[in-house]
Amino acid sequence: MKLQQLRYIWEVARHGLNVSQTAESLFTAQPGISKQIRLLEDELGVEIFARQGKQLADVTPIGKVILERAGEVLRQVDNIKLVADEYRDERTGLLSIATTHTQARYALPPVVRKFRSAYPQVALQMHQGSPAQLVELAEAGEVDFVIATEGLELFKNLIMLPCYRWYRDIIVPEGHRLAQIGAERDLTLADVAAEPLVTYVFGFTGRSVLDRAFQAEGFKPNVAFTATDTDVIKTYVRLGFGAGIIASMAFDPAVDRGLVTVDASHLFAPSVTHIGFRRGTFLRRFMHEFIEWFAPHLDPRTVAEAVARPTGAARAKLFAEMELPVR
């Protein structure tokens, strides 16, 4: 059994069983990949992939188990490389992050600026997507960290650590009915439900918290427009599509002229943003520092203690009494 063979079956599975695409991504020839997969199957005495003619059609049940083990081996190989990189030069490397637009646009810039100043020789990559897309990137080993708020049940194979709480504001054009009400008293859900709403697509940036709040009070909100991008939401609020509901940190009065916000922290429960990584990941010094700059309570000792906890529930107990920062 060769490490290259494990890499081939892993990449073929990741490319949807398309051997041609796999060959292109690995800069090798398709026949060579097919031959090595057959040699591995012959050595193991089982078929990893089911076939229709010469085409790979599916992953066999035993193939799924083998692929899972192959992924673990390949991740450990990557960790060995990271250990060597850290020993050779702790100030160079690559840090890849997957997150949503709101985090990338409003939460991460100060941290990235500080990180870039401290580690100018570390290349930074940032991927944006839905929670499901972030999971795929992390589980495929394409990113080091995932930063997300929604869909945490999808991240069961990652170690997810709470970073900070955040609240929501209603955002409307100046002079809007909700702005006038908010100047006199606290808004109610009935006030908000009476307006067409512009907010996040379900599965993004705490949207599920909004839905639960309205349902609990028996309201069915009129969601007129949804988007994954907070700046897009602001644009359509300006166009009169409705009242926006956004993360409080996403409003800047110096930039968002013509719009005003009304506090909605009493209407919707706060959300918690988490940072996550694959179990067994070797965290280089610059990775630890990035985590701590993003969430100061997540110092290396606390992270190590969280990693040692066997389940997500056990990690939740570790942070249960901890007061998280608010943004």
# chains A, B, ... in the order shown; residues from 1 in each chain; ligands from 1

call {"tool": "select_by_dssp", "arguments": {"residues": "range 225-263 of chain A", "states": "strand (DSSP E or B)", "output": "number ranges by chain"}}
result
A: 225-227, 243-247, 259-263

call {"tool": "write_last_selection", "arguments": {"atoms": "N, CA and C atoms", "output": "compact mmCIF listing (two decimals), in the first residue's frame"}}
result
# COMPACT_ATOMS: atom_id res chain seq x y z
N PHE A 225 -37.50 39.77 0.91
CA PHE A 225 -36.25 39.64 0.17
C PHE A 225 -35.21 39.04 1.10
N THR A 226 -34.43 38.08 0.58
CA THR A 226 -33.37 37.49 1.38
C THR A 226 -32.06 37.52 0.59
N ALA A 227 -30.97 37.55 1.34
CA ALA A 227 -29.64 37.56 0.71
C ALA A 227 -28.64 36.97 1.69
N ALA A 243 -38.01 46.56 5.85
CA ALA A 243 -37.11 46.79 6.98
C ALA A 243 -36.10 45.65 7.05
N GLY A 244 -34.86 46.01 7.23
CA GLY A 244 -33.82 44.98 7.30
C GLY A 244 -33.58 44.52 8.72
N ILE A 245 -33.16 43.26 8.86
CA ILE A 245 -32.71 42.75 10.15
C ILE A 245 -31.29 42.23 9.93
N ILE A 246 -30.33 42.88 10.59
CA ILE A 246 -28.93 42.55 10.35
C ILE A 246 -28.18 42.44 11.68
N ALA A 247 -26.98 41.91 11.62
CA ALA A 247 -26.10 41.89 12.78
C ALA A 247 -25.75 43.33 13.15
N LEU A 259 -29.47 55.57 6.22
CA LEU A 259 -30.08 54.48 6.97
C LEU A 259 -29.88 54.70 8.46
N VAL A 260 -30.80 54.20 9.25
CA VAL A 260 -30.68 54.25 10.71
C VAL A 260 -31.01 52.88 11.27
N THR A 261 -30.52 52.62 12.47
CA THR A 261 -30.82 51.33 13.11
C THR A 261 -31.66 51.55 14.36
N VAL A 262 -32.44 50.53 14.67
CA VAL A 262 -33.24 50.50 15.90
C VAL A 262 -32.88 49.22 16.63
N ASP A 263 -32.60 49.34 17.91
CA ASP A 263 -32.14 48.20 18.70
C ASP A 263 -33.19 47.08 18.69

call {"tool": "closest_atom_pairs", "arguments": {"of": "range 51-157 of chain A", "to": "range 285-303 of chain A", "cutoff": "10 Å", "atoms": "only C-alpha atoms", "output": "tab-separated table"}}
result
residue	atom	partner	partner_atom	distance
A:Glu86	CA	A:Arg285	CA	7.7
A:Glu90	CA	A:Arg285	CA	6.8
A:Arg91	CA	A:Phe286	CA	7.2
A:Thr92	CA	A:Phe286	CA	8.9
A:Gly93	CA	A:Phe286	CA	9.1
A:Leu94	CA	A:Met287	CA	9.7
A:Leu95	CA	A:Met287	CA	7.4
A:Ser96	CA	A:Met287	CA	10.0
A:Ala107	CA	A:Phe294	CA	8.5
A:Leu108	CA	A:Phe294	CA	7.5
A:Pro110	CA	A:Phe294	CA	8.8
A:Val111	CA	A:Phe294	CA	6.0
A:Val112	CA	A:Phe290	CA	8.2
A:Lys114	CA	A:Trp293	CA	8.2
A:Phe115	CA	A:Phe290	CA	6.6
A:Ala118	CA	A:Phe286	CA	8.9
A:Tyr119	CA	A:Phe286	CA	7.6
A:Val122	CA	A:Phe286	CA	8.6
A:Asp144	CA	A:Met287	CA	8.6
A:Phe145	CA	A:Met287	CA	8.9

call {"tool": "select_by_dssp", "arguments": {"residues": "range 50-92 of chain A", "states": "helix (DSSP H, G or I)", "output": "ChimeraX atom specification"}}
result
/A:61-88

call {"tool": "residues_around", "arguments": {"residues": "Gln4 in chain A", "least_positions_apart": "3", "cutoff": "12 Å", "atoms": "only C-alpha atoms", "output": "JSON, numbers by chain"}}
result
{"A": [1, 7, 8, 9, 10, 11, 26, 28, 32, 33, 35, 36, 37, 39, 40, 70, 73, 74, 77]}

call {"tool": "atom_distance", "arguments": {"atom1": "CA of Gln76 in chain A", "atom2": "CA of Asn18 in chain A"}}
result
25.2 Å

call {"tool": "closest_residue", "arguments": {"among": "A:Ala104, A:Leu3, A:Ala148, A:Ile97", "to": "Asp78 in chain A", "atoms": "only C-alpha atoms"}}
result
A:Leu3

call {"tool": "residues_around", "arguments": {"residues": "Gly151 in chain A", "least_positions_apart": "2", "cutoff": "8 Å", "atoms": "only C-alpha atoms", "output": "ChimeraX atom specification"}}
result
/A:131-132,148-149,153-155,203

call {"tool": "closest_residue", "arguments": {"among": "A:Val209, A:Ala179, A:Ala250, A:Leu197", "to": "Asp231 in chain A", "atoms": "only C-alpha atoms"}}
result
A:Ala250

call {"tool": "closest_residue", "arguments": {"among": "A:Glu47, A:Lys317, A:Met249, A:Pro109", "to": "Thr60 in chain A", "atoms": "only C-alpha atoms"}}
result
A:Glu47

call {"tool": "closest_residue", "arguments": {"among": "A:Leu124, A:Ala304, A:Ser25, A:Gln5", "to": "Arg38 in chain A", "atoms": "only C-alpha atoms"}}
result
A:Gln5

call {"tool": "closest_residue", "arguments": {"among": "A:Leu283, A:Val192, A:Ile48, A:Ala306", "to": "Val172 in chain A", "atoms": "only C-alpha atoms"}}
result
A:Val192

call {"tool": "atom_distance", "arguments": {"atom1": "CA of Phe268 in chain A", "atom2": "CA of Ala224 in chain A"}}
result
19.2 Å

call {"tool": "atom_distance", "arguments": {"atom1": "CA of Val19 in chain A", "atom2": "CA of Pro31 in chain A"}}
result
8.9 Å

call {"tool": "residues_around", "arguments": {"residues": "Arg238 in chain A", "least_positions_apart": "6", "cutoff": "10 Å", "atoms": "only C-alpha atoms", "output": "PDB file with all heavy atoms, in the first residue's frame"}}
result
ATOM      1  N   ILE A 171     -32.781  47.776  10.552  1.00  0.00           N
ATOM      2  CA  ILE A 171     -32.198  48.861   9.752  1.00  0.00           C
ATOM      3  C   ILE A 171     -33.236  49.339   8.742  1.00  0.00           C
ATOM      4  O   ILE A 171     -33.847  48.534   8.032  1.00  0.00           O
ATOM      5  CB  ILE A 171     -30.892  48.411   9.062  1.00  0.00           C
ATOM      6  CG1 ILE A 171     -30.232  49.581   8.342  1.00  0.00           C
ATOM      7  CG2 ILE A 171     -31.111  47.227   8.145  1.00  0.00           C
ATOM      8  CD1 ILE A 171     -28.816  49.275   7.885  1.00  0.00           C
ATOM      9  N   VAL A 172     -33.459  50.656   8.731  1.00  0.00           N
ATOM     10  CA  VAL A 172     -34.503  51.244   7.880  1.00  0.00           C
ATOM     11  C   VAL A 172     -34.018  52.597   7.360  1.00  0.00           C
ATOM     12  O   VAL A 172     -33.082  53.194   7.914  1.00  0.00           O
ATOM     13  CB  VAL A 172     -35.824  51.454   8.664  1.00  0.00           C
ATOM     14  CG1 VAL A 172     -36.473  50.117   9.023  1.00  0.00           C
ATOM     15  CG2 VAL A 172     -35.574  52.288   9.924  1.00  0.00           C
ATOM     16  N   PRO A 173     -34.667  53.105   6.308  1.00  0.00           N
ATOM     17  CA  PRO A 173     -34.337  54.473   5.853  1.00  0.00           C
ATOM     18  C   PRO A 173     -34.717  55.503   6.919  1.00  0.00           C
ATOM     19  O   PRO A 173     -35.609  55.271   7.744  1.00  0.00           O
ATOM     20  CB  PRO A 173     -35.191  54.640   4.593  1.00  0.00           C
ATOM     21  CG  PRO A 173     -35.493  53.242   4.140  1.00  0.00           C
ATOM     22  CD  PRO A 173     -35.622  52.448   5.396  1.00  0.00           C
ATOM     23  N   GLU A 174     -34.030  56.616   6.920  1.00  0.00           N
ATOM     24  CA  GLU A 174     -34.371  57.702   7.849  1.00  0.00           C
ATOM     25  C   GLU A 174     -35.840  58.086   7.678  1.00  0.00           C
ATOM     26  O   GLU A 174     -36.351  58.162   6.556  1.00  0.00           O
ATOM     27  CB  GLU A 174     -33.476  58.918   7.590  1.00  0.00           C
ATOM     28  CG  GLU A 174     -32.025  58.662   7.925  1.00  0.00           C
ATOM     29  CD  GLU A 174     -31.138  59.834   7.544  1.00  0.00           C
ATOM     30  OE1 GLU A 174     -31.615  60.708   6.776  1.00  0.00           O
ATOM     31  OE2 GLU A 174     -29.978  59.875   7.991  1.00  0.00           O
ATOM     32  N   VAL A 232     -25.831  43.649   0.545  1.00  0.00           N
ATOM     33  CA  VAL A 232     -26.954  43.524  -0.389  1.00  0.00           C
ATOM     34  C   VAL A 232     -28.257  43.824   0.339  1.00  0.00           C
ATOM     35  O   VAL A 232     -29.153  44.506  -0.194  1.00  0.00           O
ATOM     36  CB  VAL A 232     -26.982  42.117  -1.014  1.00  0.00           C
ATOM     37  CG1 VAL A 232     -28.263  41.912  -1.833  1.00  0.00           C
ATOM     38  CG2 VAL A 232     -25.761  41.896  -1.891  1.00  0.00           C
ATOM     39  N   GLY A 244     -34.857  46.009   7.233  1.00  0.00           N
ATOM     40  CA  GLY A 244     -33.818  44.983   7.300  1.00  0.00           C
ATOM     41  C   GLY A 244     -33.577  44.518   8.722  1.00  0.00           C
ATOM     42  O   GLY A 244     -33.774  45.273   9.684  1.00  0.00           O
ATOM     43  N   ASP A 256     -23.034  53.986   6.084  1.00  0.00           N
ATOM     44  CA  ASP A 256     -24.418  53.664   5.735  1.00  0.00           C
ATOM     45  C   ASP A 256     -25.315  54.894   5.860  1.00  0.00           C
ATOM     46  O   ASP A 256     -26.334  54.893   6.573  1.00  0.00           O
ATOM     47  CB  ASP A 256     -24.919  52.524   6.632  1.00  0.00           C
ATOM     48  CG  ASP A 256     -24.105  51.257   6.465  1.00  0.00           C
ATOM     49  OD1 ASP A 256     -23.796  50.911   5.308  1.00  0.00           O
ATOM     50  OD2 ASP A 256     -23.780  50.605   7.474  1.00  0.00           O
ATOM     51  N   ARG A 257     -24.935  55.938   5.160  1.00  0.00           N
ATOM     52  CA  ARG A 257     -25.714  57.182   5.215  1.00  0.00           C
ATOM     53  C   ARG A 257     -27.100  56.971   4.628  1.00  0.00           C
ATOM     54  O   ARG A 257     -27.277  56.247   3.663  1.00  0.00           O
ATOM     55  CB  ARG A 257     -24.979  58.294   4.452  1.00  0.00           C
ATOM     56  CG  ARG A 257     -23.656  58.713   5.075  1.00  0.00           C
ATOM     57  CD  ARG A 257     -23.113  59.957   4.381  1.00  0.00           C
ATOM     58  NE  ARG A 257     -21.846  60.386   4.970  1.00  0.00           N
ATOM     59  CZ  ARG A 257     -20.660  60.017   4.523  1.00  0.00           C
ATOM     60  NH1 ARG A 257     -20.578  59.227   3.469  1.00  0.00           N
ATOM     61  NH2 ARG A 257     -19.562  60.452   5.114  1.00  0.00           N
ATOM     62  N   GLY A 258     -28.064  57.629   5.241  1.00  0.00           N
ATOM     63  CA  GLY A 258     -29.446  57.508   4.790  1.00  0.00           C
ATOM     64  C   GLY A 258     -30.198  56.383   5.478  1.00  0.00           C
ATOM     65  O   GLY A 258     -31.412  56.257   5.332  1.00  0.00           O
ATOM     66  N   LEU A 259     -29.469  55.571   6.224  1.00  0.00           N
ATOM     67  CA  LEU A 259     -30.082  54.475   6.972  1.00  0.00           C
ATOM     68  C   LEU A 259     -29.879  54.701   8.463  1.00  0.00           C
ATOM     69  O   LEU A 259     -28.895  55.307   8.885  1.00  0.00           O
ATOM     70  CB  LEU A 259     -29.465  53.135   6.569  1.00  0.00           C
ATOM     71  CG  LEU A 259     -29.620  52.701   5.117  1.00  0.00           C
ATOM     72  CD1 LEU A 259     -28.855  51.410   4.863  1.00  0.00           C
ATOM     73  CD2 LEU A 259     -31.094  52.539   4.743  1.00  0.00           C
TER      74      LEU A 259
END
